[in-house]
>>> print(open('data.csv').read())   # CSV, C-alpha atoms
chain,number,residue,atom,x,y,z
A,159,VAL,CA,100.1,100.4,84.8
A,160,VAL,CA,98.1,103.1,86.5
A,161,LEU,CA,99.2,105.2,89.4
A,162,PHE,CA,95.9,106.2,91.1
A,163,SER,CA,95.2,108.8,93.8
A,164,MET,CA,92.2,110.5,95.3
A,165,ILE,CA,92.9,114.2,95.3
A,166,GLY,CA,91.6,117.7,96.1
A,167,THR,CA,93.1,121.1,96.1
A,168,ALA,CA,94.0,120.9,99.8
A,169,VAL,CA,96.4,118.0,99.1
A,170,LEU,CA,97.6,119.0,95.6
A,171,LEU,CA,101.3,119.5,96.6
A,172,PRO,CA,101.5,116.4,98.8
A,173,ASP,CA,99.9,114.3,96.1
A,174,LEU,CA,102.5,115.6,93.6
A,175,VAL,CA,105.2,114.5,96.0
A,176,ALA,CA,103.6,111.0,96.3
A,177,VAL,CA,103.1,110.5,92.6
A,178,ARG,CA,106.4,112.0,91.4
A,179,SER,CA,108.5,110.2,94.0
A,180,LEU,CA,107.0,106.8,93.2
A,181,TRP,CA,107.2,107.3,89.4
A,182,ARG,CA,110.9,108.4,89.7
A,183,HIS,CA,111.8,104.9,91.0
A,184,LEU,CA,109.1,102.8,89.2
A,185,GLN,CA,109.7,104.5,85.9
A,186,ARG,CA,106.3,103.4,84.5
A,187,GLY,CA,102.6,104.1,84.7
A,188,ARG,CA,100.2,106.7,83.6
A,189,VAL,CA,98.5,108.9,86.3
A,190,VAL,CA,94.8,108.8,87.0
A,191,LEU,CA,93.3,111.0,89.7
A,192,LEU,CA,89.9,111.0,91.5
A,193,ASP,CA,88.9,114.6,92.0
A,194,ASP,CA,86.9,115.2,95.2
A,195,GLY,CA,85.3,118.2,93.4
A,196,SER,CA,87.6,120.9,94.7
A,197,LEU,CA,90.3,121.0,92.0
A,198,THR,CA,90.6,124.4,90.4
A,199,SER,CA,91.7,125.2,86.8
A,200,ARG,CA,95.1,126.2,88.2
A,201,ASP,CA,95.4,122.9,90.0
A,202,LYS,CA,94.7,121.0,86.8
A,203,GLU,CA,97.4,123.1,84.9
A,204,LEU,CA,99.9,122.0,87.5
A,205,LEU,CA,98.8,118.4,87.3
A,206,ASN,CA,99.1,118.5,83.5
A,207,LEU,CA,102.6,119.8,83.8
A,208,HIS,CA,103.9,117.4,86.4
A,209,CYS,CA,101.8,114.2,85.7
A,210,GLY,CA,101.6,114.2,81.9
A,211,ASN,CA,98.0,115.3,81.3
A,212,PRO,CA,96.5,112.8,83.8
A,213,GLU,CA,93.0,111.4,83.4
A,214,ILE,CA,90.8,113.1,86.1
A,215,ILE,CA,87.7,111.3,87.3
A,216,SER,CA,85.0,113.2,89.2
A,217,LEU,CA,84.1,111.6,92.5
A,218,ASP,CA,80.5,112.3,91.9
A,219,SER,CA,80.5,110.3,88.7
A,220,VAL,CA,81.3,107.0,90.5
A,221,VAL,CA,78.2,104.9,91.0
A,222,THR,CA,78.5,103.3,94.5
A,223,ASP,CA,75.1,101.6,95.1
A,224,PRO,CA,74.9,99.1,96.9
A,225,PHE,CA,78.2,100.0,98.4
A,226,PRO,CA,78.6,102.9,100.9
A,227,ARG,CA,79.3,106.4,99.7
A,228,GLY,CA,82.3,108.3,101.0
A,229,SER,CA,85.1,107.1,103.2
A,230,CYS,CA,87.2,106.2,100.1
A,231,TRP,CA,84.7,103.7,98.7
A,232,GLU,CA,84.6,105.6,95.4
A,233,ARG,CA,88.3,105.1,95.1
A,234,PHE,CA,88.2,101.4,95.7
A,235,LEU,CA,85.2,100.9,93.4
A,236,THR,CA,86.9,102.8,90.6
A,237,ILE,CA,89.9,100.4,90.8
A,238,LEU,CA,87.6,97.4,90.7
A,239,ASP,CA,85.7,98.7,87.7
A,240,ARG,CA,88.9,99.6,85.7
A,241,ARG,CA,91.4,96.8,86.6
A,242,LYS,CA,90.3,94.4,83.8
A,243,ASP,CA,93.0,95.5,81.3
A,244,GLU,CA,95.4,97.4,83.5
A,245,TYR,CA,97.4,97.0,86.7
A,246,TRP,CA,96.2,99.7,89.2
A,247,ILE,CA,98.4,101.0,92.1
A,248,GLN,CA,96.5,102.9,94.8
A,249,LEU,CA,98.6,105.6,96.3
A,250,ASP,CA,97.7,107.9,99.2
A,251,SER,CA,98.8,111.5,99.1
A,252,ASP,CA,100.6,111.2,102.5
A,253,THR,CA,103.2,108.8,101.1
A,254,VAL,CA,106.8,109.4,99.9
A,255,THR,CA,109.0,107.0,98.0
A,256,LEU,CA,112.6,107.3,99.2
A,257,ALA,CA,114.4,104.7,97.2
A,258,ASP,CA,114.1,101.9,94.6
A,259,VAL,CA,111.1,99.7,94.9
A,260,PRO,CA,112.1,96.3,93.4
A,261,GLU,CA,109.4,94.4,95.3
A,262,VAL,CA,106.7,96.6,93.7
A,263,ARG,CA,108.3,96.3,90.2
A,264,ALA,CA,108.4,92.5,90.5
A,265,ALA,CA,104.7,92.4,91.6
A,266,VAL,CA,103.7,94.5,88.6
A,267,GLU,CA,105.8,92.5,86.2
A,268,GLY,CA,104.3,89.2,87.6
A,269,ASN,CA,100.8,90.7,87.6
A,270,ARG,CA,100.5,89.9,91.3
A,271,SER,CA,98.5,92.2,93.6
A,272,PHE,CA,100.4,93.7,96.6
A,273,THR,CA,99.8,95.5,99.8
A,274,MET,CA,102.0,97.2,102.4
A,275,LEU,CA,101.4,95.8,105.8
A,276,SER,CA,99.7,97.6,108.7
A,277,GLY,CA,102.7,96.5,110.9
A,278,ASP,CA,104.7,93.5,111.8
A,279,ASP,CA,101.5,91.6,112.7
A,280,GLY,CA,100.6,91.6,109.0
A,281,GLU,CA,103.6,89.3,108.2
A,282,ILE,CA,101.5,86.3,109.0
A,283,GLY,CA,100.3,86.7,105.4
A,284,ALA,CA,97.1,85.9,103.6
A,285,LEU,CA,95.2,83.3,105.7
A,286,PRO,CA,91.7,81.8,105.7
A,287,LEU,CA,89.3,84.0,107.7
A,288,ARG,CA,89.1,81.6,110.7
A,289,GLU,CA,92.9,81.6,111.0
A,290,ILE,CA,93.2,85.4,110.7
A,291,ALA,CA,90.7,85.9,113.5
A,292,SER,CA,92.4,83.5,115.9
A,293,ALA,CA,96.0,84.6,115.0
A,294,LEU,CA,95.4,88.3,115.4
A,295,TYR,CA,92.7,88.1,118.2
A,296,PRO,CA,93.4,85.1,120.4
A,297,ASP,CA,91.1,86.4,123.1
A,298,GLY,CA,88.1,86.4,120.7
A,299,PRO,CA,85.9,89.2,119.3
A,300,ALA,CA,87.1,92.7,120.3
A,301,ASP,CA,85.5,96.1,120.3
A,302,GLY,CA,86.8,99.5,119.4
A,303,HIS,CA,87.9,100.6,115.9
A,304,ILE,CA,85.7,99.3,113.1
A,305,GLN,CA,88.6,97.3,111.5
A,306,VAL,CA,89.2,95.5,114.8
A,307,ARG,CA,85.6,94.7,115.2
A,308,ILE,CA,85.4,93.2,111.8
A,309,GLU,CA,88.7,91.3,111.8
A,310,SER,CA,88.1,89.8,115.2
A,311,ARG,CA,84.8,88.3,114.0
A,312,MET,CA,85.8,87.1,110.6
A,313,HIS,CA,85.5,83.5,111.7
A,314,GLN,CA,81.8,84.0,112.0
A,315,ILE,CA,81.5,84.6,108.2
A,316,GLY,CA,81.8,80.9,107.6
A,317,ARG,CA,83.6,81.0,104.3
A,318,ASP,CA,86.6,78.6,104.3
A,319,ASP,CA,87.5,79.6,100.7
A,320,TRP,CA,88.0,83.3,101.6
A,321,ARG,CA,91.3,84.8,102.8
A,322,TYR,CA,92.4,88.0,104.4
A,323,ILE,CA,95.6,90.1,104.8
A,324,ARG,CA,96.1,92.7,107.5
A,325,GLY,CA,97.4,95.3,105.1
A,326,CYS,CA,97.1,99.0,104.5
A,327,ALA,CA,95.1,100.6,101.7
A,328,GLY,CA,97.5,103.6,101.6
A,329,PHE,CA,99.6,101.7,99.1
A,330,ALA,CA,98.2,98.7,97.3
A,331,GLY,CA,98.5,97.1,93.9
A,332,PHE,CA,95.6,95.4,92.0
A,333,SER,CA,96.5,93.0,89.3
A,334,ALA,CA,95.0,93.2,85.9
A,335,GLN,CA,92.0,90.8,85.3
A,336,GLY,CA,91.4,90.4,89.0
A,337,ALA,CA,88.1,90.1,90.7
A,338,GLY,CA,85.7,93.1,90.5
A,339,ARG,CA,82.6,94.3,92.2
A,340,PRO,CA,80.8,90.9,92.6
A,341,LEU,CA,83.3,89.5,95.1
A,342,ALA,CA,83.5,92.9,96.9
A,343,ALA,CA,79.6,92.9,97.2
A,344,GLU,CA,79.6,89.4,98.7
A,345,PHE,CA,82.1,90.6,101.3
A,346,LEU,CA,80.2,93.8,102.0
A,347,ASP,CA,77.1,91.7,102.8
A,348,ALA,CA,79.3,89.6,105.2
A,349,MET,CA,80.6,92.8,106.9
A,350,LYS,CA,77.0,94.0,107.3
A,351,ARG,CA,76.1,90.9,109.1
A,352,LEU,CA,79.1,91.3,111.5
A,353,VAL,CA,78.7,95.0,112.4
A,354,GLY,CA,75.4,96.2,111.0
A,355,PRO,CA,75.0,99.9,109.9
A,356,ASP,CA,78.6,100.8,111.0
A,357,VAL,CA,79.7,99.3,107.7
A,358,VAL,CA,79.4,102.8,106.2
A,359,THR,CA,82.0,104.3,108.7
A,360,TRP,CA,85.6,105.2,108.0
A,361,GLY,CA,87.8,102.1,107.9
A,362,THR,CA,85.6,99.5,106.2
A,363,GLU,CA,87.0,100.4,102.7
A,364,GLN,CA,90.5,99.4,104.0
A,365,VAL,CA,89.2,96.1,105.2
A,366,ALA,CA,87.5,95.5,101.8
A,367,SER,CA,90.8,96.4,100.0
A,368,ASN,CA,92.7,94.0,102.2
A,369,PHE,CA,90.2,91.3,101.5
A,370,GLN,CA,90.3,91.9,97.7
A,371,VAL,CA,94.1,91.7,97.6
A,372,ALA,CA,94.2,88.6,99.8
A,373,ASN,CA,91.9,86.7,97.4
A,374,ASP,CA,93.8,87.6,94.2
A,375,ALA,CA,96.3,85.0,93.0
A,376,GLU,CA,99.6,84.9,94.9
A,377,PRO,CA,99.5,88.4,96.5
A,378,VAL,CA,102.7,90.0,97.5
A,379,LEU,CA,103.3,91.3,101.0
A,380,LEU,CA,105.7,94.2,100.9
A,381,PRO,CA,108.2,93.9,103.8
A,382,ALA,CA,107.2,96.1,106.7
A,383,ARG,CA,110.8,97.2,107.3
A,384,ARG,CA,111.1,98.7,103.8
A,385,TYR,CA,107.5,99.9,103.3
A,386,LEU,CA,106.7,101.5,106.6
A,387,ASN,CA,103.8,103.3,108.3
A,388,PHE,CA,105.3,106.2,110.1
A,389,TRP,CA,104.1,106.5,113.8
A,390,ASN,CA,106.7,109.1,114.8
A,391,GLU,CA,109.2,106.3,115.6
A,392,GLY,CA,111.7,106.8,112.8
A,393,TRP,CA,112.6,104.4,110.0
A,394,HIS,CA,115.4,102.1,108.8
A,395,GLY,CA,118.3,102.8,106.6
A,396,ASP,CA,116.9,100.6,103.9
A,397,THR,CA,113.4,101.9,104.1
A,398,ALA,CA,112.1,102.7,100.6
A,399,PHE,CA,108.6,103.9,101.2
A,400,LEU,CA,107.0,105.9,104.0
A,401,HIS,CA,103.3,106.3,104.7
A,402,PHE,CA,102.7,109.2,107.1
A,403,VAL,CA,99.6,108.0,108.8
A,404,GLY,CA,96.9,110.5,109.8
A,405,SER,CA,98.1,113.3,112.0
A,406,HIS,CA,101.6,111.7,112.2
A,407,ARG,CA,102.3,113.5,109.0
A,408,TYR,CA,103.1,116.5,111.2
A,409,ASP,CA,105.2,114.8,113.9
A,410,SER,CA,108.8,116.0,114.3
A,411,GLY,CA,108.7,117.8,110.9
A,412,ALA,CA,109.7,114.4,109.3
A,413,TYR,CA,107.2,114.6,106.4
A,414,ALA,CA,108.2,118.2,105.4
A,415,ARG,CA,111.9,117.3,105.7
A,416,VAL,CA,111.6,114.1,103.6
A,417,SER,CA,109.4,115.8,101.0
A,418,ARG,CA,111.9,118.7,100.5
A,419,GLU,CA,114.7,116.2,100.1
A,420,VAL,CA,112.8,114.2,97.5
A,421,ILE,CA,111.7,117.3,95.6
A,422,ALA,CA,115.3,118.5,95.5
A,423,SER,CA,116.4,115.1,94.0
A,424,LEU,CA,113.7,115.1,91.2
>>> encode(input="data.csv", output="structure tokens")
Amino acid sequence: VVLFSMIGTAVLLPDLVAVRSLWRHLQRGRVVLLDDGSLTSRDKELLNLHCGNPEIISLDSVVTDPFPRGSCWERFLTILDRRKDEYWIQLDSDTVTLADVPEVRAAVEGNRSFTMLSGDDGEIGALPLREIASALYPDGPADGHIQVRIESRMHQIGRDDWRYIRGCAGFAGFSAQGAGRPLAAEFLDAMKRLVGPDVVTWGTEQVASNFQVANDAEPVLLPARRYLNFWNEGWHGDTAFLHFVGSHRYDSGAYARVSREVIASL
């Protein structure tokens, strides 16, 4: 099992919170980090101390062509290239594990990919592309965020054998021996036909990640109540995992408070 994060010196401490808090409850996995090029020698000393001499991959070393460069594509492609013999867990630096994660443990032990959901609407599960589009966007194709534009047009792809989950790439597991770049490349071509050059913008990597997980065997959908995106609306008593989305990391001092509590408990 691999715990994998993209990291830079600006998010060193948050990433340590993310990795250490998950490892505390999962109790397995080696750490692999994708360095954006900014890690210093002092950063690496701290990472060696806290993460057991993790493997560090240079972002610039990841070959992306014909995929986009930037916007987290290097992270996603590294997973696809390396998942043949290991189970890879993608973990964003703005996440904190609060309690035991039996659903994740079961997914790993069963070698089933998983994703946390983007919200309650993701609980419809992994569905064929035509059904996803009609279920999430009953009024037809929509404009706005790139993810919305792609998802609401998925019925136009015309592949009845492909499925999709409305998940979140901030925390996702990729089973060993799952599909690699060829399937992702096919889907990339389909996205290009839907939205044109905008396929290189922020957000398309998450759509690709959702698609990849959905088309693995028997993917696990982590319950949204226990694995939660934080939108400054609080969480439940049985919530085990929080993803502090974007600028919401700074709302109400919640992230700092939870991080201090977790650090104190390590």
>>> closest_residue(input="data.csv", among="A:Leu235, A:Asp396, A:Ser310, A:Val169", to="Asp297 in chain A", atoms="all atoms listed in the file")
A:Ser310
>>> closest_residue(input="data.csv", among="A:Arg418, A:Arg233, A:Arg263, A:His303", to="Val357 in chain A", atoms="all atoms listed in the file")
A:His303
>>> closest_residue(input="data.csv", among="A:Leu184, A:Val358, A:Ala334, A:Leu352", to="Asp239 in chain A", atoms="all atoms listed in the file")
A:Ala334
>>> atom_distance(input="data.csv", atom1="CA of Leu275 in chain A", atom2="CA of Asn387 in chain A")
8.3 Å
>>> closest_atom_pairs(input="data.csv", of="range 246-354 of chain A", to="range 208-229 of chain A", cutoff="12 Å", atoms="all atoms listed in the file", output="Markdown table")
| residue | atom | partner | partner_atom | distance |
| --- | --- | --- | --- | --- |
| A:Arg339 | CA | A:Phe225 | CA | 9.5 |
| A:Pro340 | CA | A:Pro224 | CA | 11.0 |
| A:Ala342 | CA | A:Phe225 | CA | 9.0 |
| A:Ala343 | CA | A:Phe225 | CA | 7.3 |
| A:Glu344 | CA | A:Phe225 | CA | 10.7 |
| A:Phe345 | CA | A:Phe225 | CA | 10.6 |
| A:Leu346 | CA | A:Phe225 | CA | 7.4 |
| A:Asp347 | CA | A:Phe225 | CA | 9.5 |
| A:Met349 | CA | A:Phe225 | CA | 11.4 |
| A:Lys350 | CA | A:Phe225 | CA | 10.8 |
>>> write_last_selection(input="data.csv", atoms="C-alpha atoms", output="short mmCIF file (atom, residue, chain, number, x, y, z; two decimals), in the frame of the given file")
data_model
loop_
_atom_site.label_atom_id
_atom_site.label_comp_id
_atom_site.auth_asym_id
_atom_site.auth_seq_id
_atom_site.Cartn_x
_atom_site.Cartn_y
_atom_site.Cartn_z
CA ARG A 339 82.60 94.30 92.20
CA PRO A 340 80.80 90.90 92.60
CA ALA A 342 83.50 92.90 96.90
CA ALA A 343 79.60 92.90 97.20
CA GLU A 344 79.60 89.40 98.70
CA PHE A 345 82.10 90.60 101.30
CA LEU A 346 80.20 93.80 102.00
CA ASP A 347 77.10 91.70 102.80
CA MET A 349 80.60 92.80 106.90
CA LYS A 350 77.00 94.00 107.30
#
>>> residues_around(input="data.csv", residues="range 364-371 of chain A", least_positions_apart="4", cutoff="6 Å", atoms="only C-alpha atoms", output="ChimeraX atom specification")
/A:271,322-323,325,327
>>> write_last_selection(input="data.csv", atoms="C-alpha atoms", output="short mmCIF file (atom, residue, chain, number, x, y, z; two decimals), keeping the file's coordinate frame")
data_model
loop_
_atom_site.label_atom_id
_atom_site.label_comp_id
_atom_site.auth_asym_id
_atom_site.auth_seq_id
_atom_site.Cartn_x
_atom_site.Cartn_y
_atom_site.Cartn_z
CA SER A 271 98.50 92.20 93.60
CA TYR A 322 92.40 88.00 104.40
CA ILE A 323 95.60 90.10 104.80
CA GLY A 325 97.40 95.30 105.10
CA ALA A 327 95.10 100.60 101.70
#
>>> atom_distance(input="data.csv", atom1="CA of Gly404 in chain A", atom2="CA of Val159 in chain A")
27.2 Å
>>> atom_distance(input="data.csv", atom1="CA of Tyr245 in chain A", atom2="CA of Arg186 in chain A")
11.2 Å
>>> closest_atom_pairs(input="data.csv", of="range 261-364 of chain A", to="range 249-255 of chain A", cutoff="12 Å", atoms="only C-alpha atoms", output="Markdown table")
| residue | atom | partner | partner_atom | distance |
| --- | --- | --- | --- | --- |
| A:Val262 | CA | A:Thr255 | CA | 11.5 |
| A:Thr273 | CA | A:Leu249 | CA | 10.8 |
| A:Met274 | CA | A:Leu249 | CA | 10.9 |
| A:Cys326 | CA | A:Asp250 | CA | 10.4 |
| A:Ala327 | CA | A:Asp250 | CA | 8.1 |
| A:Gly328 | CA | A:Asp250 | CA | 4.9 |
| A:Phe329 | CA | A:Leu249 | CA | 4.9 |
| A:Ala330 | CA | A:Leu249 | CA | 7.0 |
| A:Gly331 | CA | A:Leu249 | CA | 8.8 |
| A:Phe332 | CA | A:Leu249 | CA | 11.5 |
